[in-house]
Amino acid sequence: MFNRMLRQVRRIPRGKVATYGDVASAAGFPGSARQVAWALHQSSGLPWHRVVGSGGKILLAGEAGFEQRMRLEGEGVRFHGLRIDMKEHHHSFFPRKRSSRKKKIR
DNA sequence: GATATGACGTCAT
DNA sequence: CATGACGCCATAT
């Protein structure tokens, strides 16, 4: 399960962010936002800083939160006070629509 | 199995 | 915007 969530996290492109709930849903476990947090604790080498709370707020405490914010800003994420511009940086996990590609993608 | 905890989310006050 | 309450679910003890 965590594996599944972590996979979504890896999918988040640089300069974008996603919420715990979004990742959980994308992984197929709506309502299990907490487990996403757990997954991030467990694993490493992931863009954990691209995962924030609902509304784009950083939930981490103290230094960790500070570091996360710094990283995000470094990736081009604009902050609105203590929150992130979700309108700009909210990453939408692509809906899986993979079928006959009639049109040549050029 | 029961209880407590946590990088959560949403709603009501 | 801050708080409190409830719902949710994997781990830890």
# chains A, B, ... in the order shown; residues from 1 in each chain; ligands from 1

$ residues_around --residues "segment 10-18 of chain A" --least-positions-apart "2" --cutoff "8 Å" --atoms "only C-alpha atoms (C1' of nucleotides)" --output "PyMOL selection string"
chain A and resi 6-8+20+22-23+46-47+50-52+72+75-77+86+88-93

$ write_last_selection --atoms "C-alpha atoms" --output "PDB file, in the first residue's frame"
ATOM      1  CA  LEU A   6       5.096   6.490  -2.674  1.00  0.00           C
ATOM      2  CA  ARG A   7       4.777   5.890  -6.347  1.00  0.00           C
ATOM      3  CA  GLN A   8       2.346   8.805  -6.667  1.00  0.00           C
ATOM      4  CA  TYR A  20      -1.752  13.941   1.536  1.00  0.00           C
ATOM      5  CA  ASP A  22      -4.740  13.648  -2.988  1.00  0.00           C
ATOM      6  CA  VAL A  23      -1.880  11.210  -2.912  1.00  0.00           C
ATOM      7  CA  LEU A  46      11.400  10.744  -2.183  1.00  0.00           C
ATOM      8  CA  PRO A  47      10.284  14.297  -2.921  1.00  0.00           C
ATOM      9  CA  ARG A  50       6.233  18.254  -2.405  1.00  0.00           C
ATOM     10  CA  VAL A  51       3.573  16.800  -0.160  1.00  0.00           C
ATOM     11  CA  VAL A  52       1.699  19.299   1.942  1.00  0.00           C
ATOM     12  CA  LEU A  72       9.762  24.332  -2.305  1.00  0.00           C
ATOM     13  CA  GLU A  75      11.830  24.776  -6.858  1.00  0.00           C
ATOM     14  CA  GLY A  76       9.859  27.833  -7.786  1.00  0.00           C
ATOM     15  CA  VAL A  77       6.845  27.365  -5.542  1.00  0.00           C
ATOM     16  CA  MET A  86      -2.422  25.793  -4.837  1.00  0.00           C
ATOM     17  CA  GLU A  88      -0.647  27.354  -9.469  1.00  0.00           C
ATOM     18  CA  HIS A  89       1.153  24.460  -7.903  1.00  0.00           C
ATOM     19  CA  HIS A  90      -1.510  21.900  -7.222  1.00  0.00           C
ATOM     20  CA  HIS A  91      -0.444  18.844  -9.178  1.00  0.00           C
ATOM     21  CA  SER A  92      -3.217  16.790 -10.724  1.00  0.00           C
ATOM     22  CA  PHE A  93      -2.397  13.125 -10.954  1.00  0.00           C
TER      23      PHE A  93
END

$ closest_atom_pairs --of "chain B" --to "chain A" --cutoff "8 Å" --atoms "only C-alpha atoms (C1' of nucleotides)" --output "Markdown table"
| residue | atom | partner | partner_atom | distance |
| --- | --- | --- | --- | --- |
| B:DG6 | C1' | A:Arg34 | CA | 7.3 |
| B:DA7 | C1' | A:Ala37 | CA | 5.1 |
| B:DC8 | C1' | A:Arg34 | CA | 5.1 |
| B:DG9 | C1' | A:Ser54 | CA | 7.2 |

$ interface_residues --of "chain C" --to "chain A" --cutoff "9 Å" --atoms "only C-alpha atoms (C1' of nucleotides)" --output "number ranges by chain"
C: 7-10

$ atom_distance --atom1 "atom CA of Ala24 of chain A" --atom2 "atom CA of Lys57 of chain A"
17.0 Å

$ select_by_dssp --residues "chain A" --states "strand (DSSP E or B)" --output "list in words"
Val17, Ala18, Thr19, Val51, Val52, Lys57, Phe79, His80, Arg83, Ile84 and His90 of chain A

$ write_last_selection --atoms "N, CA, C and O atoms" --output "PDB file, in the first residue's frame"
ATOM      1  N   VAL A  17       3.007  20.616  -6.170  1.00  0.00           N
ATOM      2  CA  VAL A  17       2.797  19.957  -4.886  1.00  0.00           C
ATOM      3  C   VAL A  17       1.476  19.200  -4.888  1.00  0.00           C
ATOM      4  O   VAL A  17       0.627  19.420  -5.742  1.00  0.00           O
ATOM      5  N   ALA A  18       1.321  18.335  -3.935  1.00  0.00           N
ATOM      6  CA  ALA A  18       0.075  17.577  -3.804  1.00  0.00           C
ATOM      7  C   ALA A  18      -0.223  17.429  -2.318  1.00  0.00           C
ATOM      8  O   ALA A  18       0.683  17.524  -1.490  1.00  0.00           O
ATOM      9  N   THR A  19      -1.469  17.207  -2.007  1.00  0.00           N
ATOM     10  CA  THR A  19      -1.836  17.069  -0.598  1.00  0.00           C
ATOM     11  C   THR A  19      -1.849  15.583  -0.232  1.00  0.00           C
ATOM     12  O   THR A  19      -1.923  14.723  -1.092  1.00  0.00           O
ATOM     13  N   VAL A  51       4.848  17.220  -0.741  1.00  0.00           N
ATOM     14  CA  VAL A  51       3.573  16.800  -0.160  1.00  0.00           C
ATOM     15  C   VAL A  51       3.228  17.711   1.008  1.00  0.00           C
ATOM     16  O   VAL A  51       3.994  17.810   1.971  1.00  0.00           O
ATOM     17  N   VAL A  52       2.109  18.369   0.892  1.00  0.00           N
ATOM     18  CA  VAL A  52       1.699  19.299   1.942  1.00  0.00           C
ATOM     19  C   VAL A  52       0.280  19.007   2.407  1.00  0.00           C
ATOM     20  O   VAL A  52      -0.372  18.122   1.871  1.00  0.00           O
ATOM     21  N   LYS A  57      -0.869  24.005   3.209  1.00  0.00           N
ATOM     22  CA  LYS A  57      -0.123  24.404   4.408  1.00  0.00           C
ATOM     23  C   LYS A  57       0.848  23.324   4.829  1.00  0.00           C
ATOM     24  O   LYS A  57       0.547  22.137   4.750  1.00  0.00           O
ATOM     25  N   PHE A  79       4.875  31.116  -2.220  1.00  0.00           N
ATOM     26  CA  PHE A  79       4.128  31.028  -0.973  1.00  0.00           C
ATOM     27  C   PHE A  79       3.250  32.239  -0.769  1.00  0.00           C
ATOM     28  O   PHE A  79       3.597  33.358  -1.130  1.00  0.00           O
ATOM     29  N   HIS A  80       2.130  31.979  -0.155  1.00  0.00           N
ATOM     30  CA  HIS A  80       1.183  33.036   0.156  1.00  0.00           C
ATOM     31  C   HIS A  80       1.112  33.057   1.654  1.00  0.00           C
ATOM     32  O   HIS A  80       0.273  32.420   2.254  1.00  0.00           O
ATOM     33  N   ARG A  83       0.995  29.619   3.345  1.00  0.00           N
ATOM     34  CA  ARG A  83       0.442  28.621   2.449  1.00  0.00           C
ATOM     35  C   ARG A  83       1.040  28.710   1.063  1.00  0.00           C
ATOM     36  O   ARG A  83       1.723  29.673   0.750  1.00  0.00           O
ATOM     37  N   ILE A  84       0.711  27.731   0.280  1.00  0.00           N
ATOM     38  CA  ILE A  84       1.230  27.674  -1.087  1.00  0.00           C
ATOM     39  C   ILE A  84       0.123  28.065  -2.062  1.00  0.00           C
ATOM     40  O   ILE A  84      -1.045  27.871  -1.777  1.00  0.00           O
ATOM     41  N   HIS A  90      -0.846  23.168  -7.551  1.00  0.00           N
ATOM     42  CA  HIS A  90      -1.510  21.900  -7.222  1.00  0.00           C
ATOM     43  C   HIS A  90      -1.361  20.911  -8.369  1.00  0.00           C
ATOM     44  O   HIS A  90      -1.900  21.137  -9.448  1.00  0.00           O
TER      45      HIS A  90
END

$ atom_distance --atom1 "atom C1' of DT11 of chain C" --atom2 "atom CA of Met1 of chain A"
14.0 Å
